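*Asks:* First the structure, which I've put down as structure tokens, then a few questions once you've had a look.
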Amino acid sequence: MDAKTLVIDPQTSPGGAVAARPANARPPADARPPAHISPANARPANARPAVTELRLSSFRSHRSAAFPLGPMTLFAGASGSGKSSALAAYEALALLGAGYDLTTAFPEPSECVPERAVADRQGRRGFRIGCTVDGPAGPVLLDLAVQAEPRLRIAGERLTCGGRTLLNTALRDPARSVVEAAWLTAGSAAVTRGPLPDDRLGTALLPLHVAGRTDAQLQVLAAAEQVVVALRSVFACDPRPELMREPVPTGAGRLRRGCDNLAAVLHRTRSECAKRHARLTAAARMGCAGAVDDLAVEELANGRVRALLARGGAGGSTPVGRLGEGELRYLGLALVLLTGPGVLAMDQVAEVPVAYQSLTVLADGFDRSLDPTQTRQLVALGAEMCARGHIRLVGTVTDGSCARETGGVTVVDLVP
């Protein structure tokens, strides 16, 4: 897409990917669709729905870009190469798949429009995004056209599988806050038409509108639910060392995005999973300076807890608040990789058995503040956990050499 053209109809130009930062507000209960992929129909080779391609057709600095995503994928490149844009795109898709509205997914929509894009005669500018989700229903393509100006809204959406268009929407009347939708029926009528909100992902709403009485309707449901399951199973992680140093209340023990409640999570996992805690201690031993015998938790008098590195012998212990930024980020990311949805503060897909879900961790700045040894250790840990199949990782690094020799890691090199 050149700087003078704005294509906002996926019927003429299938698009590709997404971007943004999440807000704390959750969508209304009736906007969060059910998801119930039947395990009986799952193919063993790809039973866990997963995003296998991210497309940024016309988004920020990206043009016609299609990025393959493996179990562990690292976007590598210098500042300004578009690494963070790729992860922001993925995170926005995840929010839309979970039922959040466009404002939450794209809080600064004008920043998503290519820099030199010129508005059309109606003053409209926008961007196109999309992804491919593989799973029991086969590869399912989701393409989305978003109008950013003069008002944020969905201009067009397409869901396809096996060469068939399962859902197609278009903005027909700019005065109404709806899009005209048509989804495959193959009953008495080839398609069913109806309005859908112009501020939410139509694919995520399909299970609320499709009866599932015909084979075509069942295919529509299976494809839509596959996309929803894959996108909802996302945890964006960005450890904040400046917030990780102070003692915290015990709380529910679910790790937050910034890992600021790391001590509370350790307090829980030490008693619930000794094996996992031992692995985390071993990781700390490889990534923290000095001897590390254990990751301990101290209960303070005010109902708070703080994490300690037990040094053993006469070494005593070191509060994590005294660790460097790299050590704290390393510990936070290692904890994320070694835990699961039940420990992370994320929206779990309770309607689908755990065996058919795959947690995807998004880690922008995967190597930020880390020294080369810490980065290599963290890459190796990520590759090991992703190889087991229940977790996927998409991150960014400045130098891809930290992972090129590691099996199972896909390195995507970006050039500014």
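The way I read the labels, and the way they are meant: chains A, B, ... in the order of the structure tokens, residue 1 as the first residue of every chain, and ligand 1 as the first ligand shown, with later ones counted on from there.
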For segment 257-370 of chain A against segment 65-81 of chain A, with a cut-off of 10 Å and counting only C-alpha atoms, what is the closest atom pair and its distance in Å to one decimal for every residue that makes the cut, ordered by chain and number, as a Markdown table?

*Replies:*
| residue | atom | partner | partner_atom | distance |
| --- | --- | --- | --- | --- |
| A:Ser358 | CA | A:Pro71 | CA | 9.9 |
| A:Thr360 | CA | A:Pro71 | CA | 8.8 |
| A:Val361 | CA | A:Met72 | CA | 9.4 |
| A:Leu362 | CA | A:Thr73 | CA | 9.8 |
| A:Ala363 | CA | A:Leu74 | CA | 9.2 |
| A:Asp364 | CA | A:Phe75 | CA | 9.2 |
| A:Gly365 | CA | A:Phe75 | CA | 9.8 |
| A:Phe366 | CA | A:Leu74 | CA | 8.5 |

*Asks:* Got a sec to tell me which of segment 272-406 of chain A DSSP assigns to helix (DSSP H, G or I), as a PyMOL selection string?

*Replies:* chain A and resi 272+274-287+313-315+320-322+325-338+354-356+372-387+400-402

*Asks:* Using only C-alpha atoms, which residue out of A:Met244, A:Val179, A:Leu56, A:Leu87 lies closest to Leu393 of chain A?

*Replies:*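 Using only C-alpha atoms, Leu393 of chain A sits closest to A:Leu87.
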
*Asks:* Show me, as a list in words, the residues that have an atom within 8 Å of segment 251-253 of chain A when counting only C-alpha atoms, minus same-chain residues fewer than 4 positions from it.

*Replies:*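 Close residues of segment 251-253 of chain A: Asn261, Ala264, Val265, Leu266, His267, Arg268 and Val343 of chain A.
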
*Asks:* I'd like the neighbourhood of segment 306-314 of chain A as a list in words, where a residue qualifies if any of its atoms comes within 7 Å (using only C-alpha atoms), though same-chain residues fewer than 3 positions away should be ignored.

*Replies:*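 Non-adjacent residues within range: Pro247, Val248, Ala263, Ala291, Val292, Asp293, Asp294, Leu295, Ala296, Val297, Glu298, Glu299, Ser317, Thr318, Pro319 and Val320 of chain A.
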
*Asks:* Could you please determine the separation between atom CA of Thr250 of chain A and atom CA of Arg304 of chain A in Å, to one decimal place?

*Replies:*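 Separation between atom CA of Thr250 of chain A and atom CA of Arg304 of chain A: 6.0 Å.
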
*Asks:* By how many Å are atom CA of Thr192 of chain A and atom CA of Gly99 of chain A apart?

*Replies:*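 Atom CA of Thr192 of chain A sits 22.0 Å away from atom CA of Gly99 of chain A.
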
*Asks:* Using only C-alpha atoms, determine which residues lie at most 9 Å from segment 88-95 of chain A, disregarding the query and same-chain residues fewer than 2 positions distant; provide the list as JSON, numbers by chain.

*Replies:* {"A": [17, 18, 19, 20, 21, 22, 54, 55, 56, 59, 83, 84, 85, 86, 97, 98, 99, 100, 101, 102, 104, 105, 106, 129, 130, 131, 228, 230, 231, 232, 233, 234, 235, 236, 362, 364]}

*Asks:* Any chance you can output those residues with N, CA and C atoms as an mmCIF file, in the first residue's frame?

*Replies:*
data_model
loop_
_atom_site.group_PDB
_atom_site.id
_atom_site.type_symbol
_atom_site.label_atom_id
_atom_site.label_comp_id
_atom_site.auth_asym_id
_atom_site.auth_seq_id
_atom_site.Cartn_x
_atom_site.Cartn_y
_atom_site.Cartn_z
ATOM 1 N N ALA A 17 -2.394 -7.386 10.218
ATOM 2 C CA ALA A 17 -1.885 -7.622 11.574
ATOM 3 C C ALA A 17 -2.472 -6.632 12.543
ATOM 4 N N VAL A 18 -1.816 -6.287 13.651
ATOM 5 C CA VAL A 18 -2.488 -5.413 14.605
ATOM 6 C C VAL A 18 -1.563 -4.673 15.541
ATOM 7 N N ALA A 19 -2.094 -3.777 16.415
ATOM 8 C CA ALA A 19 -1.237 -3.059 17.342
ATOM 9 C C ALA A 19 -1.946 -2.423 18.507
ATOM 10 N N ALA A 20 -1.284 -2.278 19.676
ATOM 11 C CA ALA A 20 -1.792 -1.448 20.754
ATOM 12 C C ALA A 20 -1.404 -1.886 22.134
ATOM 13 N N ARG A 21 -1.874 -1.141 23.096
ATOM 14 C CA ARG A 21 -1.614 -1.424 24.507
ATOM 15 C C ARG A 21 -2.934 -1.625 25.216
ATOM 16 N N PRO A 22 -3.007 -2.541 26.176
ATOM 17 C CA PRO A 22 -4.280 -2.857 26.802
ATOM 18 C C PRO A 22 -4.660 -1.873 27.888
ATOM 19 N N LEU A 54 1.509 -13.530 11.370
ATOM 20 C CA LEU A 54 1.066 -12.176 11.687
ATOM 21 C C LEU A 54 1.296 -11.326 10.453
ATOM 22 N N ARG A 55 0.257 -10.629 9.997
ATOM 23 C CA ARG A 55 0.359 -9.817 8.791
ATOM 24 C C ARG A 55 0.099 -8.350 9.109
ATOM 25 N N LEU A 56 1.012 -7.500 8.687
ATOM 26 C CA LEU A 56 0.850 -6.059 8.829
ATOM 27 C C LEU A 56 0.860 -5.477 7.425
ATOM 28 N N PHE A 59 0.418 -0.856 8.269
ATOM 29 C CA PHE A 59 0.334 -0.580 9.692
ATOM 30 C C PHE A 59 1.635 0.055 10.164
ATOM 31 N N LYS A 83 9.982 -3.684 15.534
ATOM 32 C CA LYS A 83 9.827 -4.853 16.416
ATOM 33 C C LYS A 83 8.642 -4.666 17.358
ATOM 34 N N SER A 84 8.614 -3.548 18.036
ATOM 35 C CA SER A 84 7.547 -3.310 19.009
ATOM 36 C C SER A 84 6.191 -3.184 18.328
ATOM 37 N N SER A 85 6.172 -2.648 17.102
ATOM 38 C CA SER A 85 4.918 -2.546 16.362
ATOM 39 C C SER A 85 4.323 -3.918 16.112
ATOM 40 N N ALA A 86 5.183 -4.894 15.795
ATOM 41 C CA ALA A 86 4.699 -6.249 15.547
ATOM 42 C C ALA A 86 4.045 -6.827 16.793
ATOM 43 N N GLY A 97 -9.977 -10.217 20.174
ATOM 44 C CA GLY A 97 -10.470 -11.576 20.277
ATOM 45 C C GLY A 97 -11.114 -11.871 21.610
ATOM 46 N N ALA A 98 -10.682 -11.165 22.643
ATOM 47 C CA ALA A 98 -11.249 -11.354 23.973
ATOM 48 C C ALA A 98 -12.522 -10.547 24.186
ATOM 49 N N GLY A 99 -12.938 -9.788 23.171
ATOM 50 C CA GLY A 99 -14.191 -9.047 23.289
ATOM 51 C C GLY A 99 -14.045 -7.589 23.635
ATOM 52 N N TYR A 100 -12.809 -7.085 23.751
ATOM 53 C CA TYR A 100 -12.616 -5.669 24.037
ATOM 54 C C TYR A 100 -12.944 -4.842 22.790
ATOM 55 N N ASP A 101 -13.240 -3.565 22.994
ATOM 56 C CA ASP A 101 -13.600 -2.722 21.859
ATOM 57 C C ASP A 101 -12.354 -2.110 21.220
ATOM 58 N N LEU A 102 -12.565 -1.425 20.102
ATOM 59 C CA LEU A 102 -11.448 -0.852 19.355
ATOM 60 C C LEU A 102 -10.690 0.193 20.160
ATOM 61 N N THR A 104 -10.039 0.264 23.291
ATOM 62 C CA THR A 104 -9.107 -0.405 24.190
ATOM 63 C C THR A 104 -7.934 -0.984 23.420
ATOM 64 N N ALA A 105 -8.214 -1.574 22.268
ATOM 65 C CA ALA A 105 -7.150 -2.187 21.473
ATOM 66 C C ALA A 105 -6.248 -1.154 20.809
ATOM 67 N N PHE A 106 -6.823 -0.022 20.426
ATOM 68 C CA PHE A 106 -6.063 1.023 19.732
ATOM 69 C C PHE A 106 -6.289 2.366 20.422
ATOM 70 N N ILE A 129 -4.983 -5.035 9.017
ATOM 71 C CA ILE A 129 -4.274 -5.953 9.901
ATOM 72 C C ILE A 129 -4.846 -7.362 9.737
ATOM 73 N N GLY A 130 -4.160 -8.372 10.217
ATOM 74 C CA GLY A 130 -4.691 -9.721 10.126
ATOM 75 C C GLY A 130 -3.747 -10.775 10.666
ATOM 76 N N CYS A 131 -4.209 -12.019 10.710
ATOM 77 C CA CYS A 131 -3.397 -13.129 11.197
ATOM 78 C C CYS A 131 -3.961 -14.436 10.663
ATOM 79 N N VAL A 228 -10.792 -17.252 18.334
ATOM 80 C CA VAL A 228 -11.018 -16.674 19.662
ATOM 81 C C VAL A 228 -10.147 -17.346 20.712
ATOM 82 N N ALA A 230 -7.291 -18.954 20.351
ATOM 83 C CA ALA A 230 -5.883 -18.615 20.176
ATOM 84 C C ALA A 230 -5.576 -17.195 20.632
ATOM 85 N N LEU A 231 -6.462 -16.256 20.334
ATOM 86 C CA LEU A 231 -6.197 -14.864 20.666
ATOM 87 C C LEU A 231 -6.421 -14.566 22.143
ATOM 88 N N ARG A 232 -7.360 -15.244 22.765
ATOM 89 C CA ARG A 232 -7.601 -14.985 24.188
ATOM 90 C C ARG A 232 -6.509 -15.564 25.077
ATOM 91 N N SER A 233 -5.762 -16.563 24.582
ATOM 92 C CA SER A 233 -4.750 -17.229 25.403
ATOM 93 C C SER A 233 -3.417 -16.503 25.321
ATOM 94 N N VAL A 234 -3.421 -15.212 25.625
ATOM 95 C CA VAL A 234 -2.228 -14.372 25.488
ATOM 96 C C VAL A 234 -1.935 -13.658 26.800
ATOM 97 N N PHE A 235 -0.655 -13.634 27.171
ATOM 98 C CA PHE A 235 -0.215 -12.887 28.348
ATOM 99 C C PHE A 235 0.936 -11.986 27.930
ATOM 100 N N ALA A 236 0.717 -10.675 27.965
ATOM 101 C CA ALA A 236 1.761 -9.708 27.643
ATOM 102 C C ALA A 236 2.560 -9.405 28.897
ATOM 103 N N LEU A 362 3.799 -12.682 25.248
ATOM 104 C CA LEU A 362 4.366 -11.584 24.462
ATOM 105 C C LEU A 362 5.354 -10.842 25.342
ATOM 106 N N ASP A 364 7.957 -7.877 24.849
ATOM 107 C CA ASP A 364 8.687 -6.813 24.157
ATOM 108 C C ASP A 364 9.932 -6.483 24.977
#

*Asks:* May I ask which of the residues A:Glu108, A:Glu327, A:Asp120, A:Glu157 is the closest one to Met286 of chain A, counting only C-alpha atoms?

*Replies:*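 Among A:Glu108, A:Glu327, A:Asp120, A:Glu157, it is A:Glu327 that comes nearest to Met286 of chain A.
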
*Asks:* Mind listing the strand (DSSP E) residues of segment 108-139 of chain A, per DSSP on the backbone, as a PyMOL selection string?

*Replies:* chain A and resi 125-134

*Asks:* Only all heavy atoms, please: the residues just picked out, written as an mmCIF file, in the first residue's frame.

*Replies:*
data_model
loop_
_atom_site.group_PDB
_atom_site.id
_atom_site.type_symbol
_atom_site.label_atom_id
_atom_site.label_comp_id
_atom_site.auth_asym_id
_atom_site.auth_seq_id
_atom_site.Cartn_x
_atom_site.Cartn_y
_atom_site.Cartn_z
ATOM 1 N N ARG A 125 -8.750 7.948 6.955
ATOM 2 C CA ARG A 125 -7.462 7.256 6.921
ATOM 3 C C ARG A 125 -7.568 6.034 7.825
ATOM 4 O O ARG A 125 -8.348 6.024 8.782
ATOM 5 C CB ARG A 125 -6.319 8.141 7.408
ATOM 6 C CG ARG A 125 -6.082 9.389 6.574
ATOM 7 C CD ARG A 125 -4.671 9.941 6.790
ATOM 8 N NE ARG A 125 -4.359 10.076 8.200
ATOM 9 C CZ ARG A 125 -3.115 10.087 8.689
ATOM 10 N NH1 ARG A 125 -2.074 9.932 7.881
ATOM 11 N NH2 ARG A 125 -2.908 10.239 9.983
ATOM 12 N N GLY A 126 -6.805 5.006 7.526
ATOM 13 C CA GLY A 126 -6.882 3.806 8.340
ATOM 14 C C GLY A 126 -5.734 2.867 8.089
ATOM 15 O O GLY A 126 -4.707 3.242 7.520
ATOM 16 N N PHE A 127 -5.909 1.620 8.513
ATOM 17 C CA PHE A 127 -4.863 0.616 8.372
ATOM 18 C C PHE A 127 -5.515 -0.753 8.246
ATOM 19 O O PHE A 127 -6.702 -0.928 8.545
ATOM 20 C CB PHE A 127 -3.896 0.657 9.561
ATOM 21 C CG PHE A 127 -4.568 0.609 10.908
ATOM 22 C CD1 PHE A 127 -4.799 -0.605 11.562
ATOM 23 C CD2 PHE A 127 -4.987 1.779 11.543
ATOM 24 C CE1 PHE A 127 -5.420 -0.649 12.796
ATOM 25 C CE2 PHE A 127 -5.607 1.737 12.783
ATOM 26 C CZ PHE A 127 -5.817 0.519 13.413
ATOM 27 N N ARG A 128 -4.744 -1.738 7.782
ATOM 28 C CA ARG A 128 -5.246 -3.097 7.607
ATOM 29 C C ARG A 128 -4.365 -4.080 8.366
ATOM 30 O O ARG A 128 -3.139 -3.968 8.337
ATOM 31 C CB ARG A 128 -5.305 -3.464 6.116
ATOM 32 C CG ARG A 128 -6.343 -2.661 5.347
ATOM 33 C CD ARG A 128 -6.374 -3.069 3.874
ATOM 34 N NE ARG A 128 -5.143 -2.702 3.190
ATOM 35 C CZ ARG A 128 -4.311 -3.570 2.632
ATOM 36 N NH1 ARG A 128 -4.555 -4.866 2.705
ATOM 37 N NH2 ARG A 128 -3.230 -3.157 2.004
ATOM 38 N N ILE A 129 -4.983 -5.035 9.017
ATOM 39 C CA ILE A 129 -4.274 -5.953 9.901
ATOM 40 C C ILE A 129 -4.846 -7.362 9.737
ATOM 41 O O ILE A 129 -5.927 -7.536 9.172
ATOM 42 C CB ILE A 129 -4.420 -5.501 11.366
ATOM 43 C CG1 ILE A 129 -5.897 -5.478 11.745
ATOM 44 C CG2 ILE A 129 -3.793 -4.127 11.580
ATOM 45 C CD1 ILE A 129 -6.176 -5.036 13.167
ATOM 46 N N GLY A 130 -4.160 -8.372 10.217
ATOM 47 C CA GLY A 130 -4.691 -9.721 10.126
ATOM 48 C C GLY A 130 -3.747 -10.775 10.666
ATOM 49 O O GLY A 130 -2.606 -10.493 11.035
ATOM 50 N N CYS A 131 -4.209 -12.019 10.710
ATOM 51 C CA CYS A 131 -3.397 -13.129 11.197
ATOM 52 C C CYS A 131 -3.961 -14.436 10.663
ATOM 53 O O CYS A 131 -5.085 -14.490 10.156
ATOM 54 C CB CYS A 131 -3.355 -13.166 12.726
ATOM 55 S SG CYS A 131 -4.948 -13.553 13.494
ATOM 56 N N THR A 132 -3.168 -15.490 10.774
ATOM 57 C CA THR A 132 -3.608 -16.844 10.474
ATOM 58 C C THR A 132 -3.542 -17.664 11.749
ATOM 59 O O THR A 132 -2.538 -17.611 12.469
ATOM 60 C CB THR A 132 -2.720 -17.491 9.395
ATOM 61 O OG1 THR A 132 -2.826 -16.737 8.188
ATOM 62 C CG2 THR A 132 -3.147 -18.924 9.125
ATOM 63 N N VAL A 133 -4.601 -18.385 12.023
ATOM 64 C CA VAL A 133 -4.661 -19.246 13.207
ATOM 65 C C VAL A 133 -4.814 -20.689 12.746
ATOM 66 O O VAL A 133 -5.787 -21.033 12.072
ATOM 67 C CB VAL A 133 -5.828 -18.854 14.131
ATOM 68 C CG1 VAL A 133 -5.905 -19.806 15.325
ATOM 69 C CG2 VAL A 133 -5.671 -17.415 14.606
ATOM 70 N N ASP A 134 -3.870 -21.540 13.104
ATOM 71 C CA ASP A 134 -3.958 -22.946 12.755
ATOM 72 C C ASP A 134 -4.510 -23.712 13.945
ATOM 73 O O ASP A 134 -4.312 -23.332 15.100
ATOM 74 C CB ASP A 134 -2.584 -23.492 12.371
ATOM 75 C CG ASP A 134 -2.687 -24.724 11.484
ATOM 76 O OD1 ASP A 134 -3.835 -25.152 11.210
ATOM 77 O OD2 ASP A 134 -1.645 -25.267 11.094
#
